[in-house]
Amino acid sequence: MDESLEGFAAAHADIVALAEPRVVVRRSRAAGKVGFVVGGGSGHEPAFAGYVGRGMADAAACGNVFASPPPNVVLAAIHAANMGRGVLLGYGNYAGDVMNFGLAAQMARAEGIDVREIRVADDVASAPNAESGKRRGIAGDIMVFKCAGAAAERGMSLDEVERIGLQAGKATRSMGVALSACEVPGSGRPTFELTDGEMEIGMGVHGEPGIERAPLKPADEVAQILVDAILEDAGDLGARDVALLVNGLGATAHLEQYILYRGARRALEARGLQVVRSYVGEFITSLEMTGASVTVTVLDDELLRLLDAEARTPKFRV
Amino acid sequence: MDESLEGFAAAHADIVALAEPRVVVRRSRAAGKVGFVVGGGSGHEPAFAGYVGRGMADAAACGNVFASPPPNVVLAAIHAANMGRGVLLGYGNYAGDVMNFGLAAQMARAEGIDVREIRVADDVASAPNAESGKRRGIAGDIMVFKCAGAAAERGMSLDEVERIGLQAGKATRSMGVALSACEVPGSGRPTFELTDGEMEIGMGVHGEPGIERAPLKPADEVAQILVDAILEDAGDLGARDVALLVNGLGATAHLEQYILYRGARRALEARGLQVVRSYVGEFITSLEMTGASVTVTVLDDELLRLLDAEARTPKFRV
Amino acid sequence: MSSQLLRACVVAAADAVEAARDELCRLDAAAGDGDHGLTMALAARAVRQALADPQDESDHEVLVKIALAMASVGGASGPIYTSGLLAVATKLDELPPGPMTAVKMLALGEAAENAISAIGHAKPGDKTILDALHPAVEALRRGQDLAAAAKAARAGAEASAEMVATIGRASRLGERSRGLPDPGATSLALILESVHTAAARDDQQLAGDEVGLA
Amino acid sequence: MSSQLLRACVVAAADAVEAARDELCRLDAAAGDGDHGLTMALAARAVRQALADPQDESDHEVLVKIALAMASVGGASGPIYTSGLLAVATKLDELPPGPMTAVKMLALGEAAENAISAIGHAKPGDKTILDALHPAVEALRRGQDLAAAAKAARAGAEASAEMVATIGRASRLGERSRGLPDPGATSLALILESVHTAAARDDQQLAGDEVGLA
Ligand SMILES: Nc1ncnc2c1ncn2[C@@H]1O[C@H](COP(=O)(O)OP(=O)(O)O)[C@@H](O)[C@H]1O
Ligand SMILES: Nc1ncnc2c1ncn2[C@@H]1O[C@H](COP(=O)(O)OP(=O)(O)O)[C@@H](O)[C@H]1O
Ligand SMILES: [Mg+2]
Ligand SMILES: [Mg+2]
Ligand SMILES: [Mg+2]
Ligand SMILES: [Mg+2]
């Protein structure tokens, strides 16, 4: 862990530095911008340190593998990010993160720093719509971080950056599936396969079990299931523009990510939605899990502009 | 495969389009630049289609999984890339690619197109120094593509672009290792592990066996072995500047990639070399293989400027 | 209460948690992310380090030190154990000095339970650490001793197997969490059992000098 | 030679290659990338499709069509088989019309061998397809028939197990490639065997009307 972050900071020394063994900070930024701190357990790389840089976060607080960073680490990240206009914390909605980031926020507030928190809770599989506050944060993190980070970079106030983060969070829904390697197909047509011929729908980014174990289905059907669940939760959207993000969980071949992307895009378009921005890759992984998730963000002009704003981080560039 | 490329083209429609099912082309480029075509078998994503875009390739020719594209596909890519100033082909030195790209080059020359070829042969494990023409191309492809692509983008002549590609190829050496997932470590300190407690040194990007199977070693020792082999092959370099690229083969956690990077960087610095540019990630994979490689490019001012030139492709941005 | 006894209790708890590392991970894997044993083992190591330099500290100081050591592991269990221990430390300072009594032990237990409820917003029945802590406090409230409280914690942890996790894990996944005890409740039961054993051993040695520590 | 016999031979070869798919992959995995069976099965499918539309074509046209079909799979085996088949097609056009003879067969075999050597820069002993093709051509040169040539190809493929791969795979890895026959040599032996069987069947039916085709 610490060796890895050391390597990370050395490799991307043009953009980031280590403030402490577990705190990654941006090397340079405009004076007086709102600070933006992201973070969470390790094992999700490129999250969260990979998103520190121009247009996204000012600092990342990194925990042990799958364990939220402790309050003192988060507090150090807040200090590193703070430039006097307040600090926004962005993290996934997990009990550990809620408590540790929450404690750090309290400590920082006691020091007079205005700290706000955005808990990303995009995983529709993890709680019903009525209890959406209980949902986990998965790949939707990235959409929220991108929008809030761009807002902060523009010099917006803490109130505004917080509003943007909340808005992006509300507009973003995800669902994942655990599946196996795509086997080299004799037919030239890869399908998803779980070693035991099954797939796990709605699993988390920590390998938490999903809501259903189903027999293996072709990629397009998997995409349809995920999109259906997301759209059912979103309610009637009409003919909106959306951003579509497909996230590989670590050991899913790029080949498969794009097959899933294609299926999800078709499923969205069949429902009258326009996919105007696309992101495909490994954004928040689960060590070397085989699986992927689909994230849909319903866009308005403001969010679209923020998504398109320049970003220069080690692992996300626009 | 075809579904995946369809998804790829749709996701990155701002940069690329499909000219044919297996030919990815850039949407826009300066009139009259030298054309640059890359390609090879599939299963190595983000190579090769991921490197089509401003500052790198004009077209990619994609084969079946681990099989070179056939001549007609390469020829179509040549046609798509050709703007009247000639076309450079860049590909890894494999028998299949040499024959298929070679046939396509002959066909294109018969049509009056000036076609040159760069066969990347960076894998020092695959043949001794005296027979370096027999070496395979692995992650060094990326360094060569970046430099040649930047040269073409600058409007250099085919002669010059070819010279740059050859020069970058000569300056670039790689070696890989197959290793297992990094297990969630009780101690917080990940180590490399092969399921059977062994690692395979010098394996290729198609899962070809390596030169040696050794008992598992810690990451730093692995890095040392790879760097030693590379530097032994390079001969006395003095205190040169180098670029260091660590390539994950598909199922290697980012955590581990950076641990290997850190070890390789230290090993290089211990030999008096300055690591002035770093690239860590999945650049040329092997489906979901667990493993990684280290690539070192000895820099001069010209190569450094070309590496730093802007690149806007789906999977490589500078 | 002697600082030495407190130290013995803490070391016994650290031993117990480390020995149960794999089992706690197994329990966490069922509905969580499978790391509770690792996190508690890291916490045990941090706690041992905090004790390594045996200065002449008050029990309050020792408790704060181990609370902060536990905080350093992060995760969900870090802040939960930390808030409980900090509450115990604070309450201990408010209580009159002198040997530990059943009444004092109840006050400490209540403080811990309140603090953990406050930070985690869980209640008994949500399949959390509270499902071991709450029955233990109840036992003390009925006037029972530490042995009975530890037994109640274990019974509570075991009963949590039939509960559905609603806090700290996705509630939709709840049903699938039924069947195995909650890892946090199990680690707390283990800790109370080992503390009781250490205290009882000390009692025997000192022949009724003091009652054990909660 | 009837186009129908040529078609029967091609279909027999496609059948044989498809049946050996997994075995050819296994052989390729030893020192290569494990896909020779897949590539050859794709080639077989492409060849069948090329034949699907049975127009009244000359043998030359059919051979060019299957050569191009094989080219479509890419890889190393695509261009190798393609160049061999194109050379056979060209040579066939140069030869006088009329029934196939042993002399003609030798000319076709030599053309194939030369073309494959030219495109791949390999020679017998490098553990490639040539280690099956070369002994087959040698047998024809000794005046033997197609049966003997196919047998020689098989023996050559088997003997390639003891060779070290130096072409098309890394030479440093060479030693580790010893032990298993070369996949390309094995697929060629299979093809010659199945062509011989198909031709012999045809011979029996036509009672000595023609000799089999190489
Ligand atoms: N909100 C909460 N209130 C009380 N206890 C909780 C809460 N959330 C989680 N826990 C406890 O923490 C345990 C999990 O701890 P651990 O695995 O170490 O952390 P993480 O959930 O971060 O992986 C659960 O078994 C449960 O007992
Ligand atoms: N240069 C060459 N000359 C002749 N045959 C070759 C050459 N390179 C490879 N081969 C043949 O091709 C076979 C491998 O084919 P295949 O696995 O389909 O292609 P790839 O190597 O592209 O994966 C080898 O077993 C060998 O017989
Ligand atoms: Mg955890
Ligand atoms: Mg191949
Ligand atoms: Mg856990
Ligand atoms: Mg092969």
# chains A, B, ... in the order shown; residues from 1 in each chain; ligands from 1
call {"tool": "residues_near_ligand", "arguments": {"ligand": "ligand 6", "cutoff": "12 Å", "atoms": "only C-alpha atoms and all ligand atoms", "output": "ChimeraX atom specification"}}
result
/B:41,64-68,94-97,206-208 /D:24-40,73-78,128,168-169,182-184
call {"tool": "interface_residues", "arguments": {"of": "chain A", "to": "chain B", "cutoff": "7 Å", "atoms": "only C-alpha atoms", "output": "ChimeraX atom specification"}}
result
/A:1,3-4,7-8,11,45-46,64-65,181,184,188-190,250-256,258-259,261-262,278-279,287-288
call {"tool": "residues_around", "arguments": {"residues": "A:Ala168", "least_positions_apart": "5", "cutoff": "8 Å", "atoms": "only C-alpha atoms", "output": "VMD selection string"}}
result
chain A and resid 143 to 144 147 to 148 297 303
call {"tool": "interface_residues", "arguments": {"of": "chain A", "to": "chain C", "cutoff": "10 Å", "atoms": "only C-alpha atoms", "output": "ChimeraX atom specification"}}
result
/A:40-41,62-73,93-103,123-128,131-132,134-136,202-212
call {"tool": "select_by_dssp", "arguments": {"residues": "stretch 94-255 of chain A", "states": "strand (DSSP E or B)", "output": "NGL selection string"}}
result
:A and (115-120 or 123 or 172-178 or 198-201 or 212-215 or 241-248 or 250)
call {"tool": "atom_distance", "arguments": {"atom1": "atom CA of D:Leu106", "atom2": "atom CA of D:Val137"}}
result
6.4 Å
call {"tool": "atom_distance", "arguments": {"atom1": "atom CA of A:Val115", "atom2": "atom CA of A:Arg85"}}
result
9.6 Å
call {"tool": "residues_around", "arguments": {"residues": "stretch 189-201 of chain C", "least_positions_apart": "6", "cutoff": "10 Å", "atoms": "only C-alpha atoms", "output": "NGL selection string"}}
result
:C and (5-17 or 20 or 129 or 131-133 or 136 or 145-158 or 183 or 207-208 or 210-214)
call {"tool": "atom_distance", "arguments": {"atom1": "atom CA of B:Gly92", "atom2": "atom CA of B:Val120"}}
result
4.7 Å
call {"tool": "select_by_dssp", "arguments": {"residues": "stretch 107-162 of chain A", "states": "alpha helix (DSSP H)", "output": "PyMOL selection string"}}
result
chain A and resi 107-110+140-153+158-162
